Structures are given as C-alpha cells and as structure tokens.
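> Please find query-v4.txt (compact mmCIF, C-alpha atoms) on the next line:
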# COMPACT_ATOMS: atom_id res chain seq x y z
CA MET N 1 56.85 118.51 112.94
CA LYS N 2 57.94 115.18 114.47
CA LYS N 3 60.44 115.23 117.33
CA VAL N 4 63.66 113.18 117.41
CA ILE N 5 66.02 112.71 120.34
CA VAL N 6 69.60 111.82 119.42
CA VAL N 7 71.53 110.38 122.37
CA GLY N 8 75.26 111.03 122.08
CA GLY N 9 77.12 113.86 120.37
CA GLY N 10 79.93 111.90 118.74
CA ALA N 11 80.48 111.28 115.04
CA ALA N 12 77.35 109.16 114.48
CA GLY N 13 75.18 111.35 116.72
CA MET N 14 76.13 114.65 115.10
CA MET N 15 75.63 113.17 111.63
CA ALA N 16 72.24 111.72 112.63
CA ALA N 17 71.11 115.03 114.14
CA ILE N 18 72.16 117.09 111.11
CA THR N 19 70.41 114.69 108.73
CA ALA N 20 67.17 114.28 110.72
CA ALA N 21 66.86 118.04 111.21
CA LYS N 22 66.00 118.49 107.54
CA LYS N 23 62.49 117.22 108.29
CA CYS N 24 62.24 116.95 112.09
CA GLU N 25 62.71 118.84 115.31
CA VAL N 26 65.85 117.37 116.88
CA ILE N 27 67.11 117.37 120.45
CA LEU N 28 70.79 116.34 120.55
CA ILE N 29 71.73 115.22 124.08
CA GLU N 30 75.38 114.85 125.12
CA LYS N 31 76.55 114.05 128.64
CA ASN N 32 79.94 115.77 128.18
CA ASP N 33 80.44 119.54 128.24
CA ARG N 34 81.18 119.56 124.50
CA LEU N 35 80.54 117.62 121.32
CA GLY N 36 82.96 115.18 119.69
CA LYS N 37 85.20 114.52 122.67
CA LYS N 38 86.40 111.15 121.33
CA LEU N 39 86.55 112.47 117.78
CA PHE N 40 89.03 115.06 119.02
CA ILE N 41 91.69 112.42 119.80
CA THR N 42 91.22 110.19 116.74
CA GLY N 43 94.13 109.85 114.34
CA LYS N 44 96.48 111.16 117.07
CA GLY N 45 94.57 114.42 117.03
CA ARG N 46 94.53 114.71 113.23
CA CYS N 47 91.24 112.84 112.69
CA ASN N 48 91.49 110.18 109.98
CA LEU N 49 87.85 110.77 109.06
CA THR N 50 87.44 108.15 106.30
CA ASN N 51 89.34 106.11 103.73
CA ALA N 52 89.32 106.90 100.00
CA CYS N 53 89.42 103.23 98.96
CA GLU N 54 87.15 101.35 96.57
CA SER N 55 83.97 99.90 98.08
CA ASP N 56 85.27 96.31 97.96
CA ARG N 57 88.19 97.23 100.17
CA PHE N 58 85.90 99.03 102.60
CA PHE N 59 83.85 95.89 103.18
CA GLN N 60 87.01 93.79 103.47
CA SER N 61 88.21 96.19 106.16
CA VAL N 62 85.04 95.81 108.23
CA THR N 63 85.96 92.74 110.28
CA THR N 64 82.61 92.22 112.04
CA ASN N 65 79.22 92.14 110.27
CA SER N 66 80.36 93.82 107.05
CA LYS N 67 77.23 92.69 105.15
CA PHE N 68 75.08 94.60 107.63
CA MET N 69 76.77 97.77 106.34
CA TYR N 70 75.70 97.46 102.69
CA SER N 71 72.66 99.75 102.81
CA ALA N 72 74.27 102.27 105.14
CA PHE N 73 77.50 102.50 103.14
CA TYR N 74 75.91 102.74 99.71
CA SER N 75 73.47 105.40 100.95
CA PHE N 76 76.40 107.47 102.26
CA ASP N 77 79.76 106.11 101.17
CA ASN N 78 83.28 107.44 101.64
CA ASN N 79 83.11 109.70 98.58
CA MET N 80 79.85 111.21 99.83
CA THR N 81 81.46 111.69 103.24
CA MET N 82 84.37 113.56 101.70
CA SER N 83 82.00 115.73 99.65
CA PHE N 84 79.90 116.44 102.75
CA PHE N 85 82.87 117.85 104.66
CA GLU N 86 84.40 119.70 101.71
CA ASP N 87 81.03 121.30 100.86
CA ALA N 88 80.82 122.37 104.51
CA GLY N 89 84.13 124.22 104.13
CA LEU N 90 86.70 121.63 105.31
CA PRO N 91 89.51 120.97 102.79
CA LEU N 92 90.69 117.35 102.85
CA LYS N 93 93.80 115.45 101.76
CA VAL N 94 94.51 111.78 101.06
CA GLU N 95 97.64 110.21 102.54
CA ARG N 96 99.35 106.81 102.48
CA GLY N 97 96.92 103.90 102.63
CA ASP N 98 94.15 106.16 101.22
CA ARG N 99 93.62 107.66 104.68
CA VAL N 100 91.72 110.95 104.56
CA PHE N 101 92.59 113.86 106.88
CA PRO N 102 91.69 117.53 107.07
CA VAL N 103 94.36 119.61 105.32
CA SER N 104 94.90 121.46 108.61
CA ASP N 105 95.77 118.20 110.42
CA HIS N 106 93.48 119.32 113.27
CA SER N 107 90.60 117.12 114.44
CA SER N 108 89.10 120.24 116.02
CA ASP N 109 88.36 121.51 112.50
CA VAL N 110 86.27 118.41 111.75
CA ILE N 111 84.32 118.94 114.97
CA GLY N 112 84.08 122.67 114.22
CA VAL N 113 82.40 122.06 110.86
CA LEU N 114 79.83 119.74 112.43
CA LYS N 115 79.18 122.14 115.33
CA THR N 116 78.62 124.98 112.89
CA LEU N 117 76.06 122.96 110.96
CA ILE N 118 74.32 122.09 114.24
CA ASN N 119 74.39 125.61 115.69
CA ARG N 120 73.07 127.18 112.50
CA ASN N 121 70.14 124.78 112.26
CA SER N 122 67.08 126.14 114.05
CA ASN N 123 65.58 122.63 114.12
CA ILE N 124 68.33 121.32 116.42
CA LYS N 125 68.35 121.96 120.15
CA LEU N 126 71.63 121.00 121.84
CA MET N 127 71.68 119.83 125.45
CA LEU N 128 75.18 119.42 126.90
CA ASN N 129 76.07 118.11 130.38
CA THR N 130 72.87 116.07 130.26
CA ARG N 131 72.73 112.41 131.19
CA ILE N 132 70.05 109.96 130.12
CA SER N 133 69.23 107.07 132.44
CA ASP N 134 66.89 105.16 130.09
CA ILE N 135 64.75 105.11 126.98
CA ILE N 136 60.98 105.33 127.64
CA ILE N 137 59.02 102.67 125.78
CA ASP N 138 55.25 102.18 125.78
CA ASN N 139 53.48 99.29 124.06
CA GLY N 140 56.53 98.46 121.96
CA LYS N 141 57.11 102.04 120.81
CA VAL N 142 59.55 104.75 121.85
CA ILE N 143 57.93 107.76 123.50
CA GLY N 144 61.00 109.56 124.84
CA VAL N 145 63.88 109.46 127.29
CA LEU N 146 64.32 109.65 131.05
CA LEU N 147 67.05 111.97 132.33
CA ASP N 148 69.13 110.97 135.32
CA LYS N 149 67.46 113.66 137.44
CA GLY N 150 64.03 112.19 136.77
CA GLU N 151 62.87 114.55 134.04
CA LYS N 152 61.15 113.02 131.02
CA ILE N 153 61.52 114.35 127.49
CA TYR N 154 59.00 113.00 125.02
CA SER N 155 59.63 112.35 121.35
CA ASP N 156 58.49 110.34 118.36
CA TYR N 157 61.88 108.78 117.72
CA VAL N 158 65.11 108.10 119.62
CA ILE N 159 68.47 107.48 117.91
CA VAL N 160 71.09 105.94 120.24
CA CYS N 161 74.65 106.97 119.28
CA THR N 162 76.44 106.53 122.60
CA GLY N 163 79.58 104.81 121.33
CA GLY N 164 81.30 101.88 123.03
CA ILE N 165 83.56 101.54 126.07
CA SER N 166 86.93 102.43 124.55
CA TYR N 167 88.63 105.58 125.88
CA PRO N 168 86.16 105.85 128.80
CA LEU N 169 87.59 109.24 129.79
CA THR N 170 85.86 110.65 126.69
CA GLY N 171 82.47 109.56 128.05
CA SER N 172 82.27 106.19 126.30
CA THR N 173 81.07 104.15 129.27
CA GLY N 174 78.67 101.69 127.69
CA ASP N 175 75.41 103.54 128.42
CA GLY N 176 73.93 102.51 125.07
CA TYR N 177 74.35 98.83 125.85
CA ILE N 178 72.23 99.26 129.00
CA PHE N 179 69.57 101.16 127.04
CA ALA N 180 69.53 98.40 124.41
CA GLU N 181 69.24 95.58 126.95
CA ASN N 182 66.47 97.40 128.79
CA ALA N 183 64.64 97.61 125.47
CA GLY N 184 64.96 93.84 125.02
CA HIS N 185 67.96 93.77 122.72
CA LYS N 186 70.83 91.31 122.96
CA VAL N 187 74.26 92.85 123.36
CA ILE N 188 77.14 90.80 121.94
CA MET N 189 79.96 90.54 124.49
CA THR N 190 82.19 93.60 124.28
CA GLN N 191 85.99 93.50 124.10
CA PRO N 192 88.71 96.09 123.53
CA SER N 193 89.89 96.16 119.92
CA LEU N 194 92.55 97.94 117.89
CA VAL N 195 94.70 97.70 120.98
CA PRO N 196 98.30 96.67 121.90
CA PHE N 197 99.34 93.24 123.23
CA ASN N 198 100.68 92.19 126.62
CA ILE N 199 103.66 89.86 126.00
CA LYS N 200 105.28 87.45 128.49
CA GLU N 201 108.94 87.90 127.54
CA SER N 202 110.77 90.39 129.78
CA PHE N 203 113.11 91.44 126.98
CA CYS N 204 110.24 93.52 125.53
CA LYS N 205 110.72 95.93 128.42
CA ASP N 206 114.45 96.00 127.74
CA MET N 207 113.69 96.98 124.14
CA MET N 208 111.10 99.60 125.12
CA GLY N 209 110.96 102.38 122.55
CA LEU N 210 112.48 100.32 119.73
CA SER N 211 110.44 100.80 116.56
CA LEU N 212 110.85 98.28 113.74
CA LYS N 213 109.71 99.18 110.24
CA ASN N 214 108.97 96.68 107.48
CA VAL N 215 108.77 93.60 109.69
CA ALA N 216 106.13 90.88 109.37
CA LEU N 217 103.89 89.81 112.26
CA ASN N 218 102.51 86.27 112.17
CA VAL N 219 99.79 85.03 114.53
CA ILE N 220 98.93 81.32 114.44
CA CYS N 221 96.31 79.30 116.31
CA GLY N 222 96.79 75.54 115.87
CA LYS N 223 97.33 75.12 112.13
CA LYS N 224 95.42 78.27 111.19
CA ARG N 225 97.26 81.44 110.28
CA VAL N 226 95.14 84.11 111.93
CA PHE N 227 97.15 87.12 110.80
CA CYS N 228 100.19 87.74 108.63
CA GLU N 229 101.08 91.22 107.45
CA GLN N 230 104.04 93.51 107.11
CA GLY N 231 104.40 96.94 108.71
CA GLU N 232 105.65 98.88 111.71
CA LEU N 233 105.90 97.51 115.24
CA LEU N 234 106.92 99.08 118.56
CA PHE N 235 108.27 97.42 121.71
CA THR N 236 106.89 98.74 125.00
CA HIS N 237 107.24 98.09 128.73
CA PHE N 238 104.27 95.68 128.55
CA GLY N 239 104.82 94.04 125.18
CA ILE N 240 104.23 95.26 121.63
CA SER N 241 102.25 98.03 119.95
CA GLY N 242 102.38 100.00 116.71
CA PRO N 243 100.20 99.99 113.56
CA LEU N 244 100.89 96.32 112.74
CA VAL N 245 99.87 95.11 116.21
CA ILE N 246 96.83 97.38 116.39
CA LYS N 247 95.59 95.94 113.09
CA ALA N 248 96.29 92.35 114.17
CA SER N 249 94.16 92.84 117.28
CA ALA N 250 91.05 93.15 115.10
CA TYR N 251 91.48 89.57 113.89
CA ILE N 252 92.31 87.56 117.00
CA HIS N 253 89.26 87.95 119.26
CA LYS N 254 87.65 84.64 118.34
CA TYR N 255 90.91 82.87 119.20
CA LEU N 256 91.37 84.38 122.65
CA GLY N 257 91.50 81.67 125.30
CA LYS N 258 93.20 79.33 122.84
CA GLU N 259 96.94 78.91 122.43
CA LEU N 260 98.22 81.59 120.12
CA ARG N 261 101.72 81.43 118.62
CA MET N 262 103.14 84.76 117.61
CA TYR N 263 106.39 85.56 115.88
CA ILE N 264 108.02 88.42 114.02
CA ASP N 265 109.93 87.99 110.78
CA LEU N 266 112.60 90.63 111.29
CA LYS N 267 113.84 90.33 107.69
CA PRO N 268 110.78 89.56 105.54
CA ALA N 269 112.47 90.86 102.37
CA LEU N 270 115.07 88.07 102.59
CA SER N 271 114.52 84.33 102.21
CA GLU N 272 116.31 82.07 104.68
CA ASP N 273 119.01 81.34 102.10
CA GLU N 274 119.48 85.04 101.31
CA LEU N 275 119.66 85.87 105.01
CA ASP N 276 122.25 83.15 105.51
CA VAL N 277 124.37 84.69 102.74
CA ARG N 278 124.04 88.09 104.42
CA ILE N 279 125.04 86.69 107.83
CA THR N 280 128.00 84.83 106.32
CA LYS N 281 129.18 88.10 104.75
CA ASP N 282 128.97 89.87 108.13
CA PHE N 283 130.76 87.02 109.88
CA ASN N 284 133.59 87.23 107.37
CA LYS N 285 133.83 90.94 108.11
CA TYR N 286 133.95 90.37 111.89
CA ILE N 287 135.74 87.01 111.75
CA ASN N 288 137.81 87.48 114.92
CA LYS N 289 135.07 89.03 117.04
CA ASN N 290 132.79 87.41 119.59
CA PHE N 291 129.37 86.40 118.29
CA ASN N 292 127.53 89.07 120.31
CA ASN N 293 129.69 91.77 118.71
CA ALA N 294 129.21 90.63 115.12
CA LEU N 295 125.52 91.53 114.57
CA ASN N 296 125.65 95.34 114.63
CA ASP N 297 125.31 95.66 110.86
CA LEU N 298 122.32 93.32 110.79
CA LEU N 299 120.19 94.27 113.81
CA PRO N 300 119.36 97.27 116.00
CA GLN N 301 121.46 97.31 119.19
CA LYS N 302 118.51 96.60 121.49
CA LEU N 303 117.62 93.46 119.52
CA ILE N 304 121.03 91.84 119.66
CA ASN N 305 120.94 90.40 123.20
CA PRO N 306 117.46 88.81 122.79
CA ILE N 307 118.45 87.32 119.42
CA VAL N 308 121.71 85.95 120.82
CA GLU N 309 119.90 84.44 123.78
CA LEU N 310 117.15 82.83 121.68
CA SER N 311 119.63 81.45 119.16
CA GLY N 312 121.29 79.38 121.88
CA ILE N 313 124.75 80.32 120.61
CA ASP N 314 127.40 81.21 123.17
CA PRO N 315 127.63 85.03 122.98
CA PHE N 316 131.40 84.90 123.56
CA LYS N 317 132.06 82.31 120.89
CA LYS N 318 134.37 83.53 118.15
CA VAL N 319 132.57 84.08 114.85
CA ASN N 320 135.16 82.00 112.98
CA SER N 321 134.19 78.93 115.00
CA ILE N 322 130.40 79.18 114.59
CA THR N 323 129.09 76.10 112.80
CA LYS N 324 126.74 75.98 109.84
CA GLU N 325 124.08 74.46 112.12
CA GLU N 326 124.43 77.34 114.59
CA ARG N 327 124.24 79.83 111.75
CA PHE N 328 121.02 78.16 110.59
CA ARG N 329 119.58 78.52 114.11
CA LEU N 330 120.41 82.21 113.97
CA VAL N 331 118.62 82.53 110.63
CA ARG N 332 115.50 80.85 112.06
CA THR N 333 115.59 83.02 115.16
CA ILE N 334 115.64 86.17 113.05
CA LYS N 335 112.92 84.91 110.71
CA GLU N 336 110.79 83.58 113.58
CA PHE N 337 111.38 85.86 116.54
CA GLU N 338 108.83 84.22 118.82
CA LEU N 339 106.76 86.01 121.45
CA THR N 340 104.29 84.63 123.98
CA PHE N 341 100.92 86.39 123.79
CA VAL N 342 99.33 87.00 127.21
CA SER N 343 96.37 89.28 126.59
CA LEU N 344 95.02 92.38 124.91
CA ARG N 345 95.45 95.71 126.65
CA GLY N 346 92.35 97.31 128.18
CA TYR N 347 89.64 99.69 127.04
CA GLU N 348 91.70 102.69 128.18
CA GLU N 349 94.05 102.05 125.24
CA ALA N 350 91.57 100.56 122.77
CA ILE N 351 90.67 102.63 119.72
CA ILE N 352 87.29 100.93 119.42
CA THR N 353 85.02 98.43 121.17
CA LYS N 354 84.32 95.06 119.57
CA GLY N 355 80.82 93.72 120.21
CA GLY N 356 77.67 95.70 120.90
CA VAL N 357 74.01 95.69 119.95
CA ASN N 358 73.20 92.55 117.97
CA VAL N 359 72.72 93.67 114.35
CA LYS N 360 70.32 90.77 113.69
CA GLU N 361 67.83 92.78 115.72
CA ILE N 362 68.42 95.98 113.69
CA ASN N 363 66.97 96.72 110.26
CA PRO N 364 70.06 97.30 108.06
CA SER N 365 68.12 99.46 105.59
CA SER N 366 67.04 101.97 108.26
CA MET N 367 69.00 101.32 111.51
CA GLU N 368 65.66 100.93 113.29
CA SER N 369 65.19 98.33 116.00
CA LYS N 370 63.18 95.30 114.92
CA LEU N 371 61.90 95.03 118.50
CA VAL N 372 60.88 98.59 119.36
CA LYS N 373 59.17 101.00 116.96
CA GLY N 374 60.91 104.36 116.66
CA LEU N 375 64.16 103.24 118.31
CA TYR N 376 67.31 103.51 116.19
CA PHE N 377 70.99 102.70 116.76
CA ALA N 378 74.08 104.04 114.97
CA GLY N 379 77.85 104.05 115.32
CA GLU N 380 80.10 102.13 117.68
CA VAL N 381 77.23 101.01 119.91
CA LEU N 382 76.43 98.45 117.17
CA ASP N 383 78.27 95.14 116.81
CA VAL N 384 80.21 96.42 113.79
CA ASP N 385 83.92 97.15 113.77
CA ALA N 386 86.78 97.55 111.33
CA ILE N 387 90.54 97.88 111.12
CA THR N 388 92.36 101.21 111.40
CA GLY N 389 92.55 103.62 108.50
CA GLY N 390 89.34 105.67 108.77
CA PHE N 391 86.97 102.72 108.35
CA ASN N 392 85.41 102.87 111.82
CA LEU N 393 84.58 106.55 111.43
CA GLN N 394 83.04 105.78 108.06
CA VAL N 395 80.84 103.21 109.82
CA ALA N 396 79.76 106.00 112.18
CA TRP N 397 79.06 108.52 109.39
CA SER N 398 77.16 105.98 107.28
CA THR N 399 75.00 104.51 110.04
CA GLY N 400 74.36 107.92 111.61
CA ARG N 401 73.36 109.37 108.27
CA LEU N 402 71.04 106.43 107.48
CA ALA N 403 69.36 106.58 110.90
CA GLY N 404 68.76 110.32 110.53
CA LEU N 405 67.51 109.92 106.96
CA SER N 406 65.18 107.06 107.94
CA VAL N 407 63.64 109.13 110.71
CA ALA N 408 63.20 112.12 108.38
CA GLU N 409 61.50 109.98 105.72
CA GLU N 410 59.33 108.22 108.31
CA SER N 411 58.15 111.54 109.73
CA GLU N 412 57.22 112.80 106.24
CA GLU N 413 55.10 109.70 105.59
CA ASN N 414 53.27 110.17 108.87
Step by step, read the file and then write its structure as structure tokens.

Amino acid sequence: MKKVIVVGGGAAGMMAAITAAKKCEVILIEKNDRLGKKLFITGKGRCNLTNACESDRFFQSVTTNSKFMYSAFYSFDNNMTMSFFEDAGLPLKVERGDRVFPVSDHSSDVIGVLKTLINRNSNIKLMLNTRISDIIIDNGKVIGVLLDKGEKIYSDYVIVCTGGISYPLTGSTGDGYIFAENAGHKVIMTQPSLVPFNIKESFCKDMMGLSLKNVALNVICGKKRVFCEQGELLFTHFGISGPLVIKASAYIHKYLGKELRMYIDLKPALSEDELDVRITKDFNKYINKNFNNALNDLLPQKLINPIVELSGIDPFKKVNSITKEERFRLVRTIKEFELTFVSLRGYEEAIITKGGVNVKEINPSSMESKLVKGLYFAGEVLDVDAITGGFNLQVAWSTGRLAGLSVAEESEEN
C-alpha cells in the first residue's frame, strides 16, 4: 500500500486524509496539539461550513482564480459536502444567504465528525505536536518530509494543506509557502483578506459600537466603481467593520496603493428627492429647534454630530432659517457619507489570506504540482480565495477531497 503524508490538520488536510485513506496508508501531521484549530473559530464558533447556492453563484463568489476550481468543485460540490457531513451523523441547516451550519451551532461538532472518521480509520496515523521543516524531493519527485528535529519520514506522496497566514495564533504561519518556494514554486504575494478597514476620520472612534443595517457601501478608484453593495456596517475605534466591509475587502486588493474614495449611503432606500421630502417633514416638526437637535428622527444619535459637521451647516442655526441649498447639502452628506481609507487591518483579524501558491503551477484536475511529482497542494495555501458565506471552506473541502482522491487513484494505477 502506498504511503501519503498530509501536512496540516485543518479542513483541507482532514478531508484529504480521509479520502486518501480509502486506498493508501496516510500519516496526518499537525503542528498544533489538536486538529481543526482554525475551523473551531469559523463562523463565530458556529462554523459556516459551505453555502447551499447554485454552482454559478459559487464561482461568482470565488474572487481569485475561480476557473481553477472547476474540476475540484464539480468532483465534490456543496451538495456533496452537505451529504458527506449528514451521512457522517452531523445534521445541518440552511440560513439566510444560503449559509450552511450544523444544527447544533457548534463548530466543535464539525471537527468531531471529522476526528471520528480519522480515528476509526486504521489506515490513518495521526501525529500531533509535530512540525515539518521541509519537503524532501529527489530527482523531481517527493520522497517524504523532514521534521524540525531532523527526523525524516518517507512517503510516496505529500499533500500540503498548511493554510495561510490569517489568525496566526491558530498555527497558520505560512509554512506551506516556504515548502512551495523550496520546491521551486512561485508564491503570489500574500495579503490579509476578509478584514476590516482602518479609516482616517477620528469620528469613527466617537461612533465606536454603532451598527448600521441596510446601508450601502461604495468604493471607487478613479472612475471605476470597485464595490457597491448594501448590508450591515459597524464603526470601531480604528475605522469600520461588519459583514459589508469584510465582503468589500475581497475586491479592493488590486487597487491598494491607489487613491480609493469610499462613502456610505445611509439611506439607500430613498432617492435624493425622497430624502429631501423626509428632511423637510422633520424640519417642519422641529421648526423652532437648532439644526443639531432636529435630526433625531432621521439618524442614530452618534451619527448626528459627524453629519452636521460634514454638511457645513451651523449646528445652532434655527431649522426655520435653513436654506434649500443647505438642505440639499445635508441630503448629499447623508447619501454620500465619505470616509478616507487608510489600509486593511492585519492578518490577526483577517478571515483568510489572499495570495499563495501560484495555481498556474498546479494541475487543476488533480491538485498535483506540475513541477514536482507526487507533491500536492490544497486549501488556503493556494492562490484561491472567496467572499464570506461558506465559500472559502468549500474551496478547502473540494481541493482537499480532489487531492486525496487523486493520490488514491494514482496509487491504484501503480
């Protein structure tokens, strides 16, 4: 029986090990003291393990190298993923946005199912608290791995599933990129993704904790609209976060270093004319009040001072003396609440890593390296990433499954 070493016990690694073990002897090596450490914190501890969308939407949601995913996805798509877990004894549910969670709402149950499948399989040997320092290659072919203490473990195949750099406390420290480069692969520059934004304006800190639902975030570079969607946004001590911002971060990497204009439409359901009518109605209600005391029906309290300041209207001006031109400025300020983008937050807060092993050097129908025989890559270590909603974990399941299946089929042929 052929021997396979799977490096990394995250989502892709566990899936690869379980799949390869059907035909091969597998050694699953994890440097942490337990499997699935990053998986444990996904979906705020609930584990959004896939998305129940149609295939077209899946590929639209993969923002980097979606075409590379065709073979992997169609060999193990989201429906197959759901069946895999339900057949293993994990009941699932579908929530808003087609996001799939375990019924229990506990990510530990997802990990538990995978651990059970691994522990019950006599073909899988699990090595925890074990660090690999390099992949051993001889004459263009994998022959094993080198442990950090100098020990060599020989094998016919190696599947690298080490993840990226995001959430480094979970063990994602970029080891796989070093292994890939040592093997001759190009690694596309890595960046934090699905991450909040640092914003210049100090009023963000003043509004810390304010959550806005059903607002629209617009990001523009030059004349190009980079992102424009509606959703929930949160002000923080450093800038902005929330689902809308996290999603936007997946689209702006190629524009970093250029001048980005960013603004929030605080009332996207109203046109400028409709908003003007609404403001006029409020002004008639508070006709004898100062301007800064006449916006309570329209805006959250924490937003009022920034809006007043940006509108350029004297906060102590009586509402009954505000001109039509000033009212129009107020409308524009609310519809285009502008923010100055500074930077993305770091890997410590990033859900995933953008960049990774260049997929042009990976066979998409097997996940095998085109440069080194018997070397495979799966999961976040690859230069493939997607938006939030379970899509990134589906990338991990699909690529891990395909790598394990390819190894199993290769071993049978030989």
> Return the single residue from N:Phe328, N:Glu95, N:Tyr167, N:Lys3 that is closest to Gly144 in chain N, with distances computed using only C-alpha atoms.
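Once distances to Gly144 in chain N are computed over only C-alpha atoms, the minimum belongs to N:Lys3.
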> Around the point (93.1, 99.2, 117.6) in the file's coordinates, collect all residues with an atom within 7 Å, using all atoms listed in the file, and return them as a short mmCIF file (atom, residue, chain, number, x, y, z; two decimals) with C-alpha atoms, in the frame of the given file.

data_model
loop_
_atom_site.label_atom_id
_atom_site.label_comp_id
_atom_site.auth_asym_id
_atom_site.auth_seq_id
_atom_site.Cartn_x
_atom_site.Cartn_y
_atom_site.Cartn_z
CA SER N 193 89.89 96.16 119.92
CA LEU N 194 92.55 97.94 117.89
CA VAL N 195 94.70 97.70 120.98
CA ILE N 246 96.83 97.38 116.39
CA LYS N 247 95.59 95.94 113.09
CA SER N 249 94.16 92.84 117.28
CA ALA N 250 91.05 93.15 115.10
CA ALA N 350 91.57 100.56 122.77
CA ILE N 351 90.67 102.63 119.72
CA ILE N 352 87.29 100.93 119.42
CA THR N 388 92.36 101.21 111.40
#
> Please indicate the distance in Å from CA of Gln60 in chain N to CA of Gln394 in chain N, rounded to one decimal place.
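CA of Gln394 in chain N lies 13.4 Å from CA of Gln60 in chain N.
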> Pick the closest to Lys267 in chain N from N:Ser241, N:Phe337, N:Phe316, N:Ile5: which is it, counting only C-alpha atoms?
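Of all the options, N:Phe337 lies closest to Lys267 in chain N.
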> In Å, how far is it from CA of Lys186 in chain N to CA of Ile137 in chain N?
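A separation of 16.6 Å between them.
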> Just give me the gap between CA of Val226 in chain N and CA of Lys67 in chain N in Å, one decimal is fine.
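Computed distance, CA of Val226 in chain N to CA of Lys67 in chain N, equals 21.0 Å.
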> Counting all atoms listed in the file, select every polymer residue within 9 Å of (95.7, 83.3, 114.6) as defined in the file's coordinates, and provide the selection as a PyMOL selection string.
chain N and resi 218-228+251-252+254-255+260-262
> Keeping C-alpha atoms for every residue in the selection just given, could you write it to a file as a short mmCIF file (atom, residue, chain, number, x, y, z; two decimals), keeping the file's coordinate frame?

data_model
loop_
_atom_site.label_atom_id
_atom_site.label_comp_id
_atom_site.auth_asym_id
_atom_site.auth_seq_id
_atom_site.Cartn_x
_atom_site.Cartn_y
_atom_site.Cartn_z
CA ASN N 218 102.51 86.27 112.17
CA VAL N 219 99.79 85.03 114.53
CA ILE N 220 98.93 81.32 114.44
CA CYS N 221 96.31 79.30 116.31
CA GLY N 222 96.79 75.54 115.87
CA LYS N 223 97.33 75.12 112.13
CA LYS N 224 95.42 78.27 111.19
CA ARG N 225 97.26 81.44 110.28
CA VAL N 226 95.14 84.11 111.93
CA PHE N 227 97.15 87.12 110.80
CA CYS N 228 100.19 87.74 108.63
CA TYR N 251 91.48 89.57 113.89
CA ILE N 252 92.31 87.56 117.00
CA LYS N 254 87.65 84.64 118.34
CA TYR N 255 90.91 82.87 119.20
CA LEU N 260 98.22 81.59 120.12
CA ARG N 261 101.72 81.43 118.62
CA MET N 262 103.14 84.76 117.61
#
> When distances are computed from all atoms listed in the file, which of N:Arg57, N:Lys38, N:Lys354, N:Lys360 shows the smallest separation from Val381 in chain N?
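Ranking N:Arg57, N:Lys38, N:Lys354, N:Lys360 by distance to Val381 in chain N, first place goes to N:Lys354.
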> Give me, as a VMD selection string, all polymer residues having an atom no more than 8 Å from range 69-78 of chain N, counting only C-alpha atoms and skipping those fewer than 4 positions away in the same chain.
chain N and resid 50 to 53 59 65 82 364 to 366 394 to 395 397 to 399 401 to 402
> Which residue gives the smallest distance to Lys149 in chain N among N:Ile132, N:Ala12, N:Ile18, N:Met367, with only C-alpha atoms counted?
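That would be N:Ile132, the residue with the smallest distance to Lys149 in chain N.
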> Could you tell me which of N:Gly164, N:Gly239, N:Pro268, N:Gly171 comes closest to Lys200 in chain N if we count all atoms listed in the file?
N:Gly239
> Counting only C-alpha atoms, figure out which residue out of N:Asp105, N:Glu30, N:Glu229, N:Glu274 gets nearest to Thr130 in chain N.
N:Glu30
> Can you tell me which residues surround Glu25 in chain N at a distance of at most 8 Å, considering only C-alpha atoms, apart from same-chain residues fewer than 6 positions away, and format the answer as a compact mmCIF listing (two decimals) with C-alpha atoms, in the frame of the given file?

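That gives us around-v9.txt:
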# COMPACT_ATOMS: atom_id res chain seq x y z
CA MET N 1 56.85 118.51 112.94
CA LYS N 2 57.94 115.18 114.47
CA LYS N 3 60.44 115.23 117.33
CA VAL N 4 63.66 113.18 117.41
CA ASN N 123 65.58 122.63 114.12
CA ILE N 124 68.33 121.32 116.42
